[in-house]
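Taking it in order: structure first as structure tokens, then the write-up.
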Amino acid sequence: MRHKRIIVTHYGGPDALEVLEEERPKPKRGEVQVRVLAAGISLPDVMMREGIHPETPRVPFTPGWDLVGIVERLGDGVSGMEPGDTVAALPISGAYAEFVCLPQLELVSVPPDLDAAEAVSLILNYVTAYQMLHRSAKVRSGQRVLVHGASGGVGSALLQLGRLAGVEMYGTCSPRGASTVSDLGAVPIDYQHQDFLEEIHRLTGEGVDVVFDGLGGTNIWRSRTALRRGGKVVAYGLTASLSGGRLASGHSSGRHRFREIAIFGLYIAAGWLFPGRKRVVPYSIQWLKRLKPELFRKDLLAVFDLLKQRKIKPLIAQRFPLVEARRAHELLGNGGVIGKFVLVPNASLSF
Ligand SMILES: NC(=O)c1ccc[n+]([C@@H]2O[C@H](COP(=O)([O-])OP(=O)(O)OC[C@H]3O[C@@H](n4cnc5c(N)ncnc54)[C@H](OP(=O)(O)O)[C@@H]3O)[C@@H](O)[C@H]2O)c1
């Protein structure tokens with residue numbers, strides 16, 4: 001039996017994405033074959049396509065950090081799971097496919113009756129947001145936080161979870177995202193026409209307790225300046241390395257896994273050395289999952305539970321068939337996307 005998956009043929013723009021048709025993968029011992037219902041499309045996928053994300057595999061590879069699907073076949077030695085079960089996983093790469101085989105240990109059960117696209121939006125984005133709020137920043141009700149990219153995938157998740165935590169929120173976004181950001185309970189700051197630092201100091205006086213900075217580069221230092229004494233920047237992304245969905249520096253076409261994060265490390269170190277009791281702390285979902293897999297599982301189940309209770313509502317910007325992955329990357333690169341793009345490789349089954 002055959003299936004389709006997307007491969008990145010070379011490091012570069014969306015044209016690097018191609019559809020490959022091949023035999024379905026067979027589960028090895030301890031593995032489960034999963035029919036993918038929904039795979040998240042995210043900026044980390046774009047960065048891996050460009051070759052600059054620290055997790056970038058060698059080409060050719062199949063992108064796709066997260067997926068929700070149905071258990072189709074069990075490999076030898078798998079127990080406690082049945083064909084037909086709905087499962088979620090964060091394989092980091094490989095999810096842009098109709099079928100994947102994953103170790104059973106990687107799979108988390110999805111509660112019944114959740115929409116697959118909504119559920120997949122929680123795996124990378126909401127677990128990242130939840131862990132940054134509650135494990136890195138340990139926010140308390142009443143604290144002030146600034147979220148960069150507040151209408152994007154992780155940003156909108158931070159606002160929904162931040163509102164539940166009772167924090168006062170400010171969010172940078174382009175003019176298109178402003179109404180979404182205020183609907184989600186934050187004061188929008190138009191990063192294209194306003195200086196966010198001036199705005200934060202005008203609105204809050206002494207600054208904020210926490211900045212969630214997914215932009216990276218020199219922006220980390222500006223985020224630190226937005227803090228009040230004793231505050232913390234949680235630095236977690238490299239969005240500023242991209243421009244129009246391509247490498248902002250123009251130095252593409254290779255696998256440079258540590259080039260873009262070198263500057264990131266410098267700012268984190270400097271954050272500790274300069275006065276003001278202001279800290280810059282890094283966050284990485286993949287490293288926390290590798291070091292403490294039980295926390296990833298626990299936090300994913302916590303956000304699934306919030307979705308089940310309708311306390312959160314992921315913003316799905318658009319659903320795409322698998323073969324339109326390249327178009328989805330083009331649109332994501334153009335910017336102005338509110339919420340999350342999702343691939344639905346077996347759409348006829350799930351929707
Ligand atoms: N460390 C981790 O574990 C982890 C996990 C997940 C994601 N990430 C990182 O998090 C970042 C965001 O990912 P995502 O999937 O949420 O991306 P996304 O959905 O594309 O959102 C990015 C947002 O940033 C906004 N933006 C762009 N330039 C900006 C600027 N100068 N100031 C303020 N906002 C700006 C964009 O707005 P417009 O398009 O409207 O301009 C967009 O809303 C990426 O760097 C990604 O690699 C890290």
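Each chain in the structure tokens gets a letter, A, B, ..., in the order shown, and its residues are numbered from 1; ligands are numbered from 1 in order too.
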
Write out as a short mmCIF file (atom, residue, chain, number, x, y, z; two decimals) with N, CA and C atoms, in the first residue's frame each polymer residue (protein, DNA or RNA) that has an atom no more than 6 Å from ligand 1, with only C-alpha atoms and all ligand atoms counted.
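What ended up in result07.cif:
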data_model
loop_
_atom_site.label_atom_id
_atom_site.label_comp_id
_atom_site.auth_asym_id
_atom_site.auth_seq_id
_atom_site.Cartn_x
_atom_site.Cartn_y
_atom_site.Cartn_z
N SER A 42 4.50 25.25 11.13
CA SER A 42 4.95 26.29 12.05
C SER A 42 6.23 26.95 11.54
N LEU A 43 6.59 28.06 12.16
CA LEU A 43 7.85 28.71 11.77
C LEU A 43 9.06 27.81 11.98
N PRO A 44 9.09 26.98 13.04
CA PRO A 44 10.24 26.07 13.14
C PRO A 44 10.38 25.16 11.90
N LEU A 124 2.68 21.63 19.84
CA LEU A 124 3.88 22.48 19.87
C LEU A 124 3.57 23.84 20.52
N ASN A 125 2.51 24.48 20.05
CA ASN A 125 2.30 25.88 20.46
C ASN A 125 1.82 26.03 21.90
N THR A 128 4.39 24.71 24.50
CA THR A 128 5.44 25.73 24.61
C THR A 128 4.96 26.89 25.48
N HIS A 148 5.61 38.97 22.41
CA HIS A 148 5.90 39.38 21.02
C HIS A 148 5.22 38.41 20.06
N GLY A 149 4.85 38.92 18.87
CA GLY A 149 4.20 38.06 17.88
C GLY A 149 2.90 37.51 18.42
N ALA A 150 2.11 38.40 19.07
CA ALA A 150 0.98 37.94 19.90
C ALA A 150 -0.19 37.37 19.11
N SER A 151 -0.25 37.62 17.78
CA SER A 151 -1.36 37.02 17.02
C SER A 151 -0.92 35.77 16.28
N GLY A 152 0.33 35.35 16.47
CA GLY A 152 0.84 34.15 15.80
C GLY A 152 0.46 32.89 16.57
N GLY A 153 1.06 31.76 16.16
CA GLY A 153 0.72 30.47 16.77
C GLY A 153 1.03 30.42 18.25
N VAL A 154 2.30 30.59 18.63
CA VAL A 154 2.66 30.54 20.05
C VAL A 154 2.11 31.77 20.78
N GLY A 155 2.15 32.94 20.10
CA GLY A 155 1.70 34.18 20.74
C GLY A 155 0.23 34.10 21.17
N THR A 172 2.81 42.57 21.05
CA THR A 172 3.20 43.20 19.78
C THR A 172 2.64 42.37 18.62
N CYS A 173 2.22 43.08 17.58
CA CYS A 173 1.64 42.41 16.40
C CYS A 173 1.62 43.41 15.26
N SER A 174 1.38 42.91 14.04
CA SER A 174 1.18 43.84 12.92
C SER A 174 -0.26 44.35 12.99
N TYR A 191 3.88 46.70 16.08
CA TYR A 191 5.35 46.73 16.01
C TYR A 191 5.85 47.39 14.73
N GLY A 214 10.02 35.53 21.14
CA GLY A 214 10.27 34.52 20.11
C GLY A 214 10.97 35.11 18.91
N LEU A 215 11.39 36.37 19.02
CA LEU A 215 11.99 37.07 17.87
C LEU A 215 13.49 36.83 17.79
N TYR A 236 12.85 32.35 23.22
CA TYR A 236 12.52 31.00 22.73
C TYR A 236 12.50 30.87 21.22
N GLY A 237 12.83 31.92 20.47
CA GLY A 237 12.70 31.76 19.01
C GLY A 237 13.64 32.65 18.24
N LEU A 238 13.57 32.48 16.92
CA LEU A 238 14.49 33.16 16.00
C LEU A 238 13.72 33.83 14.86
N THR A 239 12.46 34.26 15.15
CA THR A 239 11.63 34.82 14.08
C THR A 239 12.35 35.94 13.32
N TYR A 283 14.26 28.97 26.51
CA TYR A 283 13.29 27.87 26.64
C TYR A 283 13.33 27.08 25.33
N SER A 284 13.26 25.75 25.46
CA SER A 284 13.22 24.88 24.28
C SER A 284 12.33 23.70 24.61
N ILE A 285 11.23 23.55 23.86
CA ILE A 285 10.30 22.43 24.14
C ILE A 285 11.02 21.10 23.94
N GLY A 335 3.68 36.34 6.02
CA GLY A 335 3.30 36.97 7.29
C GLY A 335 1.81 37.32 7.35
N GLY A 336 1.41 37.92 8.47
CA GLY A 336 0.02 38.34 8.64
C GLY A 336 -0.94 37.18 8.92
N VAL A 337 -0.39 36.01 9.27
CA VAL A 337 -1.26 34.86 9.56
C VAL A 337 -1.74 34.96 11.00
N GLY A 339 -3.02 33.00 14.00
CA GLY A 339 -3.18 31.65 14.53
C GLY A 339 -2.32 30.64 13.79
N LYS A 340 -2.88 29.48 13.52
CA LYS A 340 -2.08 28.30 13.12
C LYS A 340 -2.52 27.73 11.77
#

Just asking: which residues within range 30-195 of chain A are strand (DSSP E or B) according to DSSP, as a short mmCIF file (atom, residue, chain, number, x, y, z; two decimals) with all heavy atoms, in the first residue's frame?
data_model
loop_
_atom_site.label_atom_id
_atom_site.label_comp_id
_atom_site.auth_asym_id
_atom_site.auth_seq_id
_atom_site.Cartn_x
_atom_site.Cartn_y
_atom_site.Cartn_z
N GLU A 31 7.10 -0.06 17.72
CA GLU A 31 6.56 1.11 17.00
C GLU A 31 5.09 0.94 16.67
O GLU A 31 4.56 -0.19 16.64
CB GLU A 31 7.32 1.33 15.69
CG GLU A 31 8.68 1.96 15.87
CD GLU A 31 9.32 2.36 14.55
OE1 GLU A 31 8.84 1.94 13.47
OE2 GLU A 31 10.30 3.10 14.59
N VAL A 32 4.47 2.07 16.36
CA VAL A 32 3.05 2.10 16.00
C VAL A 32 2.92 2.84 14.68
O VAL A 32 3.55 3.89 14.50
CB VAL A 32 2.25 2.84 17.11
CG1 VAL A 32 0.80 3.03 16.70
CG2 VAL A 32 2.35 2.09 18.44
N GLN A 33 2.13 2.27 13.76
CA GLN A 33 1.86 3.01 12.51
C GLN A 33 0.64 3.89 12.73
O GLN A 33 -0.40 3.42 13.20
CB GLN A 33 1.61 2.03 11.36
CG GLN A 33 1.48 2.74 10.02
CD GLN A 33 0.84 1.85 8.95
OE1 GLN A 33 -0.27 1.35 9.14
NE2 GLN A 33 1.55 1.64 7.86
N VAL A 34 0.79 5.18 12.42
CA VAL A 34 -0.28 6.15 12.67
C VAL A 34 -0.73 6.77 11.34
O VAL A 34 0.12 7.18 10.53
CB VAL A 34 0.22 7.28 13.62
CG1 VAL A 34 -0.86 8.34 13.83
CG2 VAL A 34 0.67 6.70 14.96
N ARG A 35 -2.03 6.80 11.13
CA ARG A 35 -2.60 7.52 9.97
C ARG A 35 -2.76 8.98 10.41
O ARG A 35 -3.51 9.26 11.35
CB ARG A 35 -3.96 6.90 9.61
CG ARG A 35 -4.63 7.55 8.40
CD ARG A 35 -6.05 7.05 8.25
NE ARG A 35 -6.12 5.68 7.82
CZ ARG A 35 -6.21 5.28 6.54
NH1 ARG A 35 -6.26 6.19 5.59
NH2 ARG A 35 -6.29 4.00 6.24
N VAL A 36 -2.07 9.89 9.76
CA VAL A 36 -2.04 11.29 10.22
C VAL A 36 -3.34 12.01 9.81
O VAL A 36 -3.69 12.06 8.63
CB VAL A 36 -0.81 12.03 9.64
CG1 VAL A 36 -0.80 13.48 10.11
CG2 VAL A 36 0.48 11.32 10.04
N LEU A 37 -4.03 12.56 10.80
CA LEU A 37 -5.23 13.36 10.53
C LEU A 37 -4.88 14.83 10.43
O LEU A 37 -5.51 15.57 9.66
CB LEU A 37 -6.26 13.18 11.65
CG LEU A 37 -6.85 11.78 11.84
CD1 LEU A 37 -7.86 11.79 12.97
CD2 LEU A 37 -7.52 11.30 10.54
N ALA A 38 -3.92 15.29 11.23
CA ALA A 38 -3.56 16.70 11.23
C ALA A 38 -2.09 16.84 11.60
O ALA A 38 -1.61 16.17 12.52
CB ALA A 38 -4.42 17.47 12.24
N ALA A 39 -1.39 17.69 10.85
CA ALA A 39 0.03 17.99 11.16
C ALA A 39 0.17 19.51 11.21
O ALA A 39 -0.29 20.21 10.30
CB ALA A 39 0.94 17.40 10.08
N GLY A 40 0.78 20.01 12.27
CA GLY A 40 0.95 21.46 12.40
C GLY A 40 1.98 21.99 11.43
O GLY A 40 2.97 21.32 11.11
N ILE A 41 1.74 23.21 10.93
CA ILE A 41 2.74 23.92 10.12
C ILE A 41 3.19 25.10 10.96
O ILE A 41 2.35 25.86 11.45
CB ILE A 41 2.12 24.44 8.80
CG1 ILE A 41 1.52 23.29 8.00
CG2 ILE A 41 3.14 25.21 7.98
CD1 ILE A 41 0.73 23.74 6.79
N PHE A 61 14.57 15.31 3.99
CA PHE A 61 13.84 14.94 5.20
C PHE A 61 12.40 15.40 5.08
O PHE A 61 12.10 16.28 4.26
CB PHE A 61 14.51 15.52 6.45
CG PHE A 61 14.37 17.02 6.59
CD1 PHE A 61 13.34 17.59 7.33
CD2 PHE A 61 15.29 17.88 5.98
CE1 PHE A 61 13.23 18.98 7.46
CE2 PHE A 61 15.17 19.27 6.11
CZ PHE A 61 14.14 19.81 6.85
N LEU A 67 1.81 16.11 15.31
CA LEU A 67 0.72 15.46 14.58
C LEU A 67 -0.30 14.87 15.54
O LEU A 67 -0.01 14.57 16.70
CB LEU A 67 1.26 14.35 13.67
CG LEU A 67 1.93 13.15 14.35
CD1 LEU A 67 0.95 12.02 14.62
CD2 LEU A 67 3.06 12.63 13.48
N VAL A 68 -1.53 14.73 14.97
CA VAL A 68 -2.58 13.95 15.63
C VAL A 68 -3.04 12.94 14.60
O VAL A 68 -3.18 13.27 13.41
CB VAL A 68 -3.76 14.86 16.06
CG1 VAL A 68 -5.01 14.05 16.36
CG2 VAL A 68 -3.37 15.66 17.31
N GLY A 69 -3.25 11.69 15.01
CA GLY A 69 -3.67 10.67 14.05
C GLY A 69 -4.32 9.48 14.74
O GLY A 69 -4.52 9.47 15.96
N ILE A 70 -4.64 8.49 13.89
CA ILE A 70 -5.32 7.29 14.36
C ILE A 70 -4.35 6.12 14.29
O ILE A 70 -3.68 5.95 13.26
CB ILE A 70 -6.53 6.96 13.44
CG1 ILE A 70 -7.50 8.15 13.38
CG2 ILE A 70 -7.23 5.69 13.85
CD1 ILE A 70 -8.40 8.27 14.56
N VAL A 71 -4.30 5.34 15.34
CA VAL A 71 -3.44 4.14 15.34
C VAL A 71 -3.98 3.18 14.28
O VAL A 71 -5.16 2.83 14.27
CB VAL A 71 -3.44 3.46 16.72
CG1 VAL A 71 -2.72 2.12 16.66
CG2 VAL A 71 -2.80 4.38 17.75
N GLU A 72 -3.08 2.77 13.35
CA GLU A 72 -3.50 1.89 12.25
C GLU A 72 -2.98 0.47 12.48
O GLU A 72 -3.74 -0.48 12.39
CB GLU A 72 -2.91 2.48 10.96
CG GLU A 72 -3.45 1.90 9.69
CD GLU A 72 -4.83 2.43 9.29
OE1 GLU A 72 -5.32 3.38 9.91
OE2 GLU A 72 -5.40 1.86 8.35
N ARG A 73 -1.68 0.35 12.79
CA ARG A 73 -1.08 -0.99 12.99
C ARG A 73 -0.10 -0.94 14.14
O ARG A 73 0.58 0.07 14.35
CB ARG A 73 -0.30 -1.41 11.74
CG ARG A 73 -1.15 -1.96 10.63
CD ARG A 73 -0.29 -2.23 9.41
NE ARG A 73 0.73 -3.27 9.63
CZ ARG A 73 1.65 -3.60 8.72
NH1 ARG A 73 1.72 -2.97 7.57
NH2 ARG A 73 2.54 -4.56 9.00
N LEU A 74 -0.02 -2.08 14.86
CA LEU A 74 0.93 -2.15 15.99
C LEU A 74 2.12 -3.00 15.59
O LEU A 74 1.95 -4.07 14.99
CB LEU A 74 0.26 -2.79 17.20
CG LEU A 74 -1.05 -2.15 17.68
CD1 LEU A 74 -1.60 -2.91 18.90
CD2 LEU A 74 -0.85 -0.68 18.05
N THR A 86 -6.99 7.44 19.08
CA THR A 86 -6.46 8.73 18.59
C THR A 86 -5.27 9.14 19.45
O THR A 86 -5.35 9.10 20.69
CB THR A 86 -7.55 9.83 18.66
OG1 THR A 86 -8.71 9.35 18.00
CG2 THR A 86 -7.10 11.10 17.98
N VAL A 87 -4.18 9.48 18.76
CA VAL A 87 -2.94 9.79 19.49
C VAL A 87 -2.31 11.08 18.97
O VAL A 87 -2.60 11.52 17.86
CB VAL A 87 -1.91 8.63 19.35
CG1 VAL A 87 -2.35 7.40 20.10
CG2 VAL A 87 -1.64 8.31 17.88
N ALA A 88 -1.46 11.65 19.82
CA ALA A 88 -0.71 12.87 19.46
C ALA A 88 0.77 12.60 19.65
O ALA A 88 1.15 11.75 20.47
CB ALA A 88 -1.14 14.01 20.38
N ALA A 89 1.60 13.34 18.90
CA ALA A 89 3.05 13.19 19.08
C ALA A 89 3.78 14.45 18.62
O ALA A 89 3.24 15.24 17.84
CB ALA A 89 3.58 11.98 18.29
N ALA A 97 2.98 13.83 6.42
CA ALA A 97 2.88 12.53 5.75
C ALA A 97 1.49 11.95 5.98
O ALA A 97 0.80 12.34 6.93
CB ALA A 97 3.93 11.58 6.32
N PHE A 99 1.11 8.63 6.49
CA PHE A 99 1.36 7.61 7.52
C PHE A 99 2.75 7.82 8.11
O PHE A 99 3.69 8.15 7.38
CB PHE A 99 1.27 6.20 6.92
CG PHE A 99 -0.13 5.80 6.59
CD1 PHE A 99 -0.69 6.15 5.37
CD2 PHE A 99 -0.91 5.09 7.50
CE1 PHE A 99 -2.01 5.82 5.07
CE2 PHE A 99 -2.22 4.76 7.21
CZ PHE A 99 -2.77 5.12 5.99
N VAL A 100 2.86 7.61 9.42
CA VAL A 100 4.18 7.64 10.06
C VAL A 100 4.27 6.45 11.01
O VAL A 100 3.24 5.96 11.49
CB VAL A 100 4.43 8.94 10.88
CG1 VAL A 100 4.48 10.15 9.99
CG2 VAL A 100 3.40 9.12 11.98
N CYS A 101 5.49 6.02 11.28
CA CYS A 101 5.69 5.01 12.33
C CYS A 101 6.51 5.66 13.43
O CYS A 101 7.55 6.27 13.16
CB CYS A 101 6.44 3.80 11.77
SG CYS A 101 5.40 2.82 10.69
N LEU A 102 6.01 5.53 14.66
CA LEU A 102 6.68 6.17 15.80
C LEU A 102 6.78 5.19 16.96
O LEU A 102 5.89 4.33 17.12
CB LEU A 102 5.86 7.39 16.27
CG LEU A 102 5.81 8.58 15.31
CD1 LEU A 102 4.75 9.58 15.75
CD2 LEU A 102 7.19 9.26 15.25
N PRO A 103 7.81 5.34 17.80
CA PRO A 103 7.88 4.50 18.99
C PRO A 103 6.65 4.75 19.86
O PRO A 103 6.21 5.90 20.00
CB PRO A 103 9.15 5.00 19.70
CG PRO A 103 9.94 5.73 18.66
CD PRO A 103 8.95 6.27 17.68
N VAL A 108 0.87 10.10 22.86
CA VAL A 108 0.03 10.53 23.99
C VAL A 108 -1.43 10.39 23.53
O VAL A 108 -1.76 10.82 22.41
CB VAL A 108 0.32 12.00 24.37
CG1 VAL A 108 -0.58 12.46 25.51
CG2 VAL A 108 1.80 12.18 24.74
N SER A 109 -2.27 9.79 24.37
CA SER A 109 -3.69 9.62 23.98
C SER A 109 -4.40 10.96 23.92
O SER A 109 -4.21 11.81 24.79
CB SER A 109 -4.42 8.75 25.01
OG SER A 109 -3.94 7.46 24.90
N ARG A 144 2.53 41.65 35.08
CA ARG A 144 2.43 42.21 33.73
C ARG A 144 3.35 41.44 32.78
O ARG A 144 4.53 41.25 33.11
CB ARG A 144 2.88 43.66 33.72
CG ARG A 144 1.89 44.59 34.36
CD ARG A 144 2.45 45.99 34.29
NE ARG A 144 1.46 46.92 34.76
CZ ARG A 144 1.74 48.03 35.42
NH1 ARG A 144 3.00 48.34 35.68
NH2 ARG A 144 0.79 48.83 35.80
N VAL A 145 2.80 41.05 31.63
CA VAL A 145 3.66 40.34 30.67
C VAL A 145 3.53 40.98 29.29
O VAL A 145 2.48 41.51 28.93
CB VAL A 145 3.33 38.83 30.57
CG1 VAL A 145 3.32 38.16 31.93
CG2 VAL A 145 2.04 38.55 29.85
N LEU A 146 4.64 40.91 28.54
CA LEU A 146 4.65 41.35 27.14
C LEU A 146 4.90 40.12 26.28
O LEU A 146 5.85 39.37 26.52
CB LEU A 146 5.76 42.38 26.92
CG LEU A 146 6.07 42.74 25.46
CD1 LEU A 146 4.87 43.42 24.77
CD2 LEU A 146 7.30 43.66 25.38
N VAL A 147 4.02 39.94 25.28
CA VAL A 147 4.15 38.80 24.36
C VAL A 147 4.46 39.37 22.97
O VAL A 147 3.66 40.14 22.43
CB VAL A 147 2.81 38.01 24.31
CG1 VAL A 147 2.87 36.91 23.23
CG2 VAL A 147 2.48 37.41 25.67
N GLU A 168 -1.73 40.52 33.43
CA GLU A 168 -2.06 41.70 32.61
C GLU A 168 -1.17 41.62 31.37
O GLU A 168 0.05 41.48 31.50
CB GLU A 168 -1.73 42.94 33.44
CG GLU A 168 -2.13 44.24 32.82
CD GLU A 168 -1.73 45.40 33.75
OE1 GLU A 168 -2.07 45.39 34.95
OE2 GLU A 168 -1.04 46.31 33.25
N MET A 169 -1.79 41.72 30.17
CA MET A 169 -1.02 41.38 28.98
C MET A 169 -0.91 42.51 27.95
O MET A 169 -1.88 43.23 27.71
CB MET A 169 -1.66 40.16 28.30
CG MET A 169 -1.75 38.94 29.22
SD MET A 169 -2.43 37.48 28.40
CE MET A 169 -4.09 37.98 28.06
N TYR A 170 0.27 42.58 27.34
CA TYR A 170 0.55 43.48 26.23
C TYR A 170 1.10 42.61 25.11
O TYR A 170 1.84 41.67 25.39
CB TYR A 170 1.59 44.54 26.64
CG TYR A 170 1.11 45.35 27.82
CD1 TYR A 170 1.28 44.86 29.13
CD2 TYR A 170 0.44 46.54 27.64
CE1 TYR A 170 0.79 45.57 30.21
CE2 TYR A 170 -0.05 47.25 28.73
CZ TYR A 170 0.12 46.77 30.00
OH TYR A 170 -0.38 47.45 31.07
N GLY A 171 0.70 42.91 23.86
CA GLY A 171 1.16 42.04 22.77
C GLY A 171 1.56 42.80 21.54
O GLY A 171 0.78 43.61 21.02
N THR A 172 2.81 42.57 21.05
CA THR A 172 3.20 43.20 19.78
C THR A 172 2.64 42.37 18.62
O THR A 172 2.58 41.14 18.68
CB THR A 172 4.73 43.31 19.64
OG1 THR A 172 5.31 42.01 19.71
CG2 THR A 172 5.33 44.19 20.71
N CYS A 173 2.22 43.08 17.58
CA CYS A 173 1.64 42.41 16.40
C CYS A 173 1.62 43.41 15.26
O CYS A 173 1.81 44.61 15.47
CB CYS A 173 0.21 41.94 16.70
SG CYS A 173 -0.87 43.27 17.25
N ALA A 186 -5.38 41.27 25.51
CA ALA A 186 -4.11 42.01 25.66
C ALA A 186 -4.22 43.39 25.01
O ALA A 186 -5.05 43.60 24.13
CB ALA A 186 -2.97 41.22 25.02
N VAL A 187 -3.34 44.29 25.43
CA VAL A 187 -3.25 45.61 24.78
C VAL A 187 -2.33 45.45 23.57
O VAL A 187 -1.16 45.09 23.73
CB VAL A 187 -2.65 46.65 25.76
CG1 VAL A 187 -2.49 48.00 25.06
CG2 VAL A 187 -3.50 46.76 27.01
N PRO A 188 -2.87 45.65 22.34
CA PRO A 188 -2.01 45.47 21.16
C PRO A 188 -1.01 46.61 20.99
O PRO A 188 -1.35 47.77 21.23
CB PRO A 188 -3.00 45.44 19.98
CG PRO A 188 -4.27 46.01 20.48
CD PRO A 188 -4.26 46.02 21.98
N ILE A 189 0.19 46.27 20.58
CA ILE A 189 1.21 47.27 20.24
C ILE A 189 1.65 46.97 18.81
O ILE A 189 2.15 45.87 18.53
CB ILE A 189 2.42 47.21 21.20
CG1 ILE A 189 1.96 47.50 22.64
CG2 ILE A 189 3.51 48.18 20.77
CD1 ILE A 189 3.03 47.30 23.70
N ASP A 190 1.42 47.92 17.92
CA ASP A 190 1.71 47.74 16.49
C ASP A 190 3.22 47.85 16.27
O ASP A 190 3.78 48.94 16.28
CB ASP A 190 0.94 48.82 15.71
CG ASP A 190 1.31 48.86 14.24
OD1 ASP A 190 2.22 48.12 13.81
OD2 ASP A 190 0.67 49.65 13.52
#

From CA of Arg163 in chain A to CA of Gly185 in chain A the spacing works out at 6.7 Å

**Asked** Can you list, as a ChimeraX atom specification, every protein, DNA or RNA residue that comes within 8 Å of Arg326 in chain A when you count only C-alpha atoms, leaving out same-chain residues fewer than 3 positions away?
**Response** /A:14-15,17-18,323,329-330

Open item on the list: Env of Gly230 in chain A: 7 Å cut, atoms = only C-alpha atoms, seq-sep filter 6 positions within chain, self excluded. Answer as number ranges by chain.
Closed with: A: 276-278

Would you mind exporting all heavy atoms of the selected residues as a PDB file, in the first residue's frame?
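The new file out_25.pdb reads:
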ATOM      1  N   GLY A 276      20.760  45.299  37.258  1.00  0.00           N
ATOM      2  CA  GLY A 276      19.306  45.505  37.165  1.00  0.00           C
ATOM      3  C   GLY A 276      18.519  44.270  37.575  1.00  0.00           C
ATOM      4  O   GLY A 276      17.292  44.263  37.494  1.00  0.00           O
ATOM      5  N   ARG A 277      19.236  43.205  37.989  1.00  0.00           N
ATOM      6  CA  ARG A 277      18.558  41.963  38.387  1.00  0.00           C
ATOM      7  C   ARG A 277      17.532  41.541  37.348  1.00  0.00           C
ATOM      8  O   ARG A 277      16.418  41.172  37.664  1.00  0.00           O
ATOM      9  CB  ARG A 277      17.920  42.119  39.780  1.00  0.00           C
ATOM     10  CG  ARG A 277      18.940  42.201  40.911  1.00  0.00           C
ATOM     11  CD  ARG A 277      18.299  42.265  42.289  1.00  0.00           C
ATOM     12  NE  ARG A 277      17.366  41.161  42.497  1.00  0.00           N
ATOM     13  CZ  ARG A 277      16.075  41.331  42.752  1.00  0.00           C
ATOM     14  NH1 ARG A 277      15.555  42.531  42.800  1.00  0.00           N
ATOM     15  NH2 ARG A 277      15.295  40.296  42.953  1.00  0.00           N
ATOM     16  N   LYS A 278      17.912  41.670  36.070  1.00  0.00           N
ATOM     17  CA  LYS A 278      17.026  41.246  34.984  1.00  0.00           C
ATOM     18  C   LYS A 278      17.664  40.030  34.321  1.00  0.00           C
ATOM     19  O   LYS A 278      18.849  40.066  33.991  1.00  0.00           O
ATOM     20  CB  LYS A 278      16.877  42.364  33.948  1.00  0.00           C
ATOM     21  CG  LYS A 278      16.279  43.638  34.501  1.00  0.00           C
ATOM     22  CD  LYS A 278      16.256  44.693  33.410  1.00  0.00           C
ATOM     23  CE  LYS A 278      15.689  45.995  33.925  1.00  0.00           C
ATOM     24  NZ  LYS A 278      15.592  47.008  32.868  1.00  0.00           N
TER      25      LYS A 278
END

Among A:Gly205, A:Pro25, A:Pro83, A:Pro57, Arg257 in chain A is approached most closely, using only C-alpha atoms, by A:Pro57

Judged by only C-alpha atoms, the minimum distance to Gly12 in chain A among A:Asp66, A:Glu206, A:Asp45, A:Glu50 is found for A:Glu50

*If you count only C-alpha atoms, which residues fall within 9 Å of Val210 in chain A, apart from same-chain ones fewer than 6 positions away, as a list in words?*
Ala137, Val139, Gln143, Arg144, Val145, Leu146, Val147, Arg224, Ala226, Leu227, Arg228, Gly231, Lys232, Val233 and Val234 of chain A

* Quick one: pull the distance between CA of Arg29 in chain A and CA of Pro63 in chain A, Å, one decimal. =>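 It comes out at 23.7 Å.
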
Spatial neighbours of Arg58 in chain A, max dist 9 Å, only C-alpha atoms, sep filter under 6 positions, as a compact mmCIF listing (two decimals) with C-alpha atoms, in the first residue's frame:
# COMPACT_ATOMS: atom_id res chain seq x y z
CA HIS A 10 17.53 21.08 -0.38
CA GLY A 51 18.61 24.87 7.38
CA ARG A 255 22.75 23.40 7.11

Using only C-alpha atoms, the shortest atom-to-atom distance to Glu98 in chain A among A:Ala317, A:Ile6, A:Ala270, A:Ile52 belongs to A:Ile6

(message) Restricting the calculation to only C-alpha atoms: of A:Ser241, A:Thr180, A:Gln309, A:Ser121, which residue gets closest to Phe341 in chain A?
(response)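 Closest candidate: A:Ser121.
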
Nearest to Arg49 in chain A, restricted to only C-alpha atoms and choosing among A:Phe212, A:Leu242, A:Gly177, A:Gln104, comes out as A:Leu242

Env of Val303 in chain A: 9 Å cut, atoms = only C-alpha atoms, seq-sep filter 2 positions within chain, self excluded. Answer as a PyMOL selection string. chain A and resi 122-123+126-127+130+298-301+305-308+312

> DSSP says alpha helix (DSSP H) for which residues of range 59-234 of chain A? Put them as number ranges by chain?
Replying inline: A: 116-121, 127-131, 153-165, 178-183, 196-204, 219-225
